[in-house]
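Okay, work25.cif is below, mmCIF, C-alpha atoms, pLDDT in the B column; chains and numbers go by the auth columns:
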```
data_work
loop_
_atom_site.group_PDB
_atom_site.id
_atom_site.type_symbol
_atom_site.label_atom_id
_atom_site.label_comp_id
_atom_site.label_asym_id
_atom_site.label_seq_id
_atom_site.Cartn_x
_atom_site.Cartn_y
_atom_site.Cartn_z
_atom_site.B_iso_or_equiv
_atom_site.auth_seq_id
_atom_site.auth_asym_id
ATOM 1 C CA MET A 1 2.165 -8.337 4.263 67.00 1 A
ATOM 2 C CA SER A 2 5.657 -9.312 5.300 67.00 2 A
ATOM 3 C CA LEU A 3 7.963 -12.145 4.334 67.00 3 A
ATOM 4 C CA SER A 4 11.075 -13.245 6.128 70.00 4 A
ATOM 5 C CA PRO A 5 13.505 -15.195 3.953 70.00 5 A
ATOM 6 C CA GLU A 6 15.746 -17.419 6.047 70.00 6 A
ATOM 7 C CA ALA A 7 18.884 -15.531 5.010 72.00 7 A
ATOM 8 C CA ILE A 8 17.702 -12.238 6.529 74.00 8 A
ATOM 9 C CA ARG A 9 15.763 -13.407 9.613 75.00 9 A
ATOM 10 C CA PRO A 10 14.659 -11.884 11.929 81.00 10 A
ATOM 11 C CA THR A 11 14.399 -9.028 9.407 82.00 11 A
ATOM 12 C CA ALA A 12 11.493 -9.197 6.971 77.00 12 A
ATOM 13 C CA ASN A 13 10.510 -7.641 3.674 77.00 13 A
ATOM 14 C CA LEU A 14 7.333 -5.565 3.948 83.00 14 A
ATOM 15 C CA TYR A 15 4.966 -5.210 0.999 83.00 15 A
ATOM 16 C CA GLY A 16 2.443 -2.489 1.730 87.00 16 A
ATOM 17 C CA PHE A 17 -0.527 -1.422 -0.340 92.00 17 A
ATOM 18 C CA GLY A 18 -3.722 0.539 0.153 93.00 18 A
ATOM 19 C CA LEU A 19 -7.260 -0.459 -0.680 93.00 19 A
ATOM 20 C CA PRO A 20 -7.394 1.254 -4.098 94.00 20 A
ATOM 21 C CA GLU A 21 -4.022 -0.175 -5.132 95.00 21 A
ATOM 22 C CA MET A 22 -3.257 -3.443 -6.866 95.00 22 A
ATOM 23 C CA ILE A 23 -1.824 -6.100 -4.552 94.00 23 A
ATOM 24 C CA PRO A 24 1.887 -6.249 -5.372 92.00 24 A
ATOM 25 C CA ALA A 25 3.411 -9.472 -6.635 93.00 25 A
ATOM 26 C CA PHE A 26 6.147 -10.690 -4.326 90.00 26 A
ATOM 27 C CA PRO A 27 8.919 -13.291 -4.255 87.00 27 A
ATOM 28 C CA LEU A 28 8.098 -16.250 -2.023 86.00 28 A
ATOM 29 C CA PRO A 29 11.287 -17.704 -0.581 80.00 29 A
ATOM 30 C CA LEU A 30 11.749 -21.420 -1.217 80.00 30 A
ATOM 31 C CA LYS A 31 14.796 -23.606 -0.773 78.00 31 A
ATOM 32 C CA LEU A 32 17.978 -21.833 -1.807 75.00 32 A
ATOM 33 C CA GLU A 33 18.521 -24.206 -4.726 79.00 33 A
ATOM 34 C CA ASP A 34 14.991 -23.517 -6.025 82.00 34 A
ATOM 35 C CA GLY A 35 15.115 -19.724 -5.974 81.00 35 A
ATOM 36 C CA ASP A 36 12.073 -17.609 -5.224 85.00 36 A
ATOM 37 C CA ALA A 37 8.627 -18.169 -6.703 89.00 37 A
ATOM 38 C CA ILE A 38 6.817 -14.991 -7.722 93.00 38 A
ATOM 39 C CA VAL A 39 3.313 -14.892 -6.229 94.00 39 A
ATOM 40 C CA ASP A 40 0.771 -12.652 -7.951 96.00 40 A
ATOM 41 C CA LEU A 41 -1.958 -12.365 -5.300 94.00 41 A
ATOM 42 C CA GLN A 42 -3.915 -9.858 -7.403 96.00 42 A
ATOM 43 C CA ALA A 43 -4.252 -12.404 -10.218 97.00 43 A
ATOM 44 C CA ILE A 44 -5.166 -15.152 -7.729 97.00 44 A
ATOM 45 C CA LEU A 45 -7.816 -12.951 -6.097 96.00 45 A
ATOM 46 C CA MET A 46 -9.324 -11.970 -9.448 96.00 46 A
ATOM 47 C CA GLY A 47 -9.376 -15.616 -10.565 97.00 47 A
ATOM 48 C CA VAL A 48 -11.192 -16.687 -7.385 97.00 48 A
ATOM 49 C CA TYR A 49 -13.636 -13.779 -7.801 96.00 49 A
ATOM 50 C CA ASP A 50 -14.380 -14.754 -11.417 96.00 50 A
ATOM 51 C CA ARG A 51 -14.660 -18.511 -10.806 97.00 51 A
ATOM 52 C CA GLY A 52 -16.812 -17.968 -7.721 96.00 52 A
ATOM 53 C CA SER A 53 -19.191 -15.678 -9.650 95.00 53 A
ATOM 54 C CA TYR A 54 -19.008 -13.195 -6.799 93.00 54 A
ATOM 55 C CA ASP A 55 -20.201 -10.471 -9.172 88.00 55 A
ATOM 56 C CA LEU A 56 -23.540 -12.311 -9.150 91.00 56 A
ATOM 57 C CA ARG A 57 -23.537 -13.213 -5.446 92.00 57 A
ATOM 58 C CA ILE A 58 -22.656 -9.866 -3.859 92.00 58 A
ATOM 59 C CA ASP A 59 -25.256 -7.115 -3.622 92.00 59 A
ATOM 60 C CA TYR A 60 -23.068 -4.073 -4.222 90.00 60 A
ATOM 61 C CA ARG A 61 -25.984 -1.745 -3.411 90.00 61 A
ATOM 62 C CA ARG A 62 -25.554 -2.615 0.265 91.00 62 A
ATOM 63 C CA PRO A 63 -23.171 -0.656 2.493 89.00 63 A
ATOM 64 C CA VAL A 64 -19.638 -1.929 2.947 88.00 64 A
ATOM 65 C CA PRO A 65 -19.575 -4.198 6.043 91.00 65 A
ATOM 66 C CA PRO A 66 -17.331 -3.398 9.037 93.00 66 A
ATOM 67 C CA PRO A 67 -14.669 -2.426 9.747 93.00 67 A
ATOM 68 C CA ALA A 68 -15.380 1.152 8.728 94.00 68 A
ATOM 69 C CA LEU A 69 -13.222 2.546 5.947 95.00 69 A
ATOM 70 C CA SER A 70 -11.357 5.830 6.026 95.00 70 A
ATOM 71 C CA SER A 71 -13.219 8.665 4.309 95.00 71 A
ATOM 72 C CA VAL A 72 -10.771 8.515 1.378 95.00 72 A
ATOM 73 C CA ASP A 73 -11.205 4.745 0.938 95.00 73 A
ATOM 74 C CA GLN A 74 -14.990 5.041 1.338 95.00 74 A
ATOM 75 C CA GLN A 75 -15.080 7.690 -1.392 95.00 75 A
ATOM 76 C CA TRP A 76 -13.039 5.389 -3.666 96.00 76 A
ATOM 77 C CA VAL A 77 -15.435 2.488 -2.998 94.00 77 A
ATOM 78 C CA ASP A 78 -18.471 4.690 -3.628 94.00 78 A
ATOM 79 C CA GLU A 79 -17.040 5.887 -6.951 95.00 79 A
ATOM 80 C CA LEU A 80 -16.042 2.372 -7.962 93.00 80 A
ATOM 81 C CA LEU A 81 -19.448 0.908 -7.136 93.00 81 A
ATOM 82 C CA ALA A 82 -21.587 3.813 -8.413 93.00 82 A
ATOM 83 C CA PRO A 83 -22.301 2.134 -11.777 91.00 83 A
ATOM 84 C CA LEU A 84 -23.282 -1.139 -10.059 87.00 84 A
ATOM 85 C CA ARG A 85 -25.429 0.608 -7.450 88.00 85 A
ATOM 86 C CA SER A 86 -27.432 2.484 -10.110 85.00 86 A
ATOM 87 C CA GLN A 87 -28.609 -0.715 -11.804 78.00 87 A
#
```

Let me see whether you can do it: turn the structure in this file into structure tokens.
Amino acid sequence: MSLSPEAIRPTANLYGFGLPEMIPAFPLPLKLEDGDAIVDLQAILMGVYDRGSYDLRIDYRRPVPPPALSSVDQQWVDELLAPLRSQ
């Protein structure tokens, strides 16, 4: 994800992360007098997942839908879901 605060445009700050990594929190530029708000997307995602009861809605025994994952990411997913898939 990239953000471009007005003061550095057209340059942007890039926040990269891989599938097995936590989504990094990042400063969201607001008006100069307000300062930046820190956005914790990982916490937001986990809150949506919990409130939506996705653990009950998703059949984790099924294959991961497209797009295909790299072999390293697929191995991570398989290891992560192994306990759920054996139920």

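Closest approach to Pro24 in chain A from the set A:Ile8, A:Ala37, A:Val72, A:Gln42 is made by A:Gln42, with distances taken over only C-alpha atoms.
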
Can you tell me, as an NGL selection string, what residues are no more than 10 Å from Leu69 in chain A when counting only C-alpha atoms, ignoring any on the same chain fewer than 6 positions away? :A and (19 or 75 or 77)

Can you tell me how far CA of Gly16 in chain A sits from CA of Leu45 in chain A, in Å to one decimal?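 These two atoms are separated by 16.6 Å.
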
Between CA of Gln87 in chain A and CA of Met22 in chain A, distance in Å (one decimal):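 Distance between the two atoms: 26.0 Å.
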
The PyMOL selection byres ((chain A and resi 55-60) around 12) applied to the shown file, residues as a ChimeraX atom specification: /A:46,48-54,61-65,77-87

Size and centre in Å, one decimal, axis-aligned box, all listed range 27-30 of chain A atoms plus 5 Å per side, as AutoDock Vina command-line options:
```
--center_x 9.9 --center_y -17.4 --center_z -2.4 --size_x 13.7 --size_y 18.1 --size_z 13.7
```

Between CA of Pro5 in chain A and CA of Lys31 in chain A - distance in Å to one decimal: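 So the answer is 9.7 Å.
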
Which residues would end up in the selection if the PyMOL selection byres ((chain A and resi 29) around 9) were applied here, given that I need the answer as a ChimeraX atom specification? /A:3-6,27-28,30-32,34-38
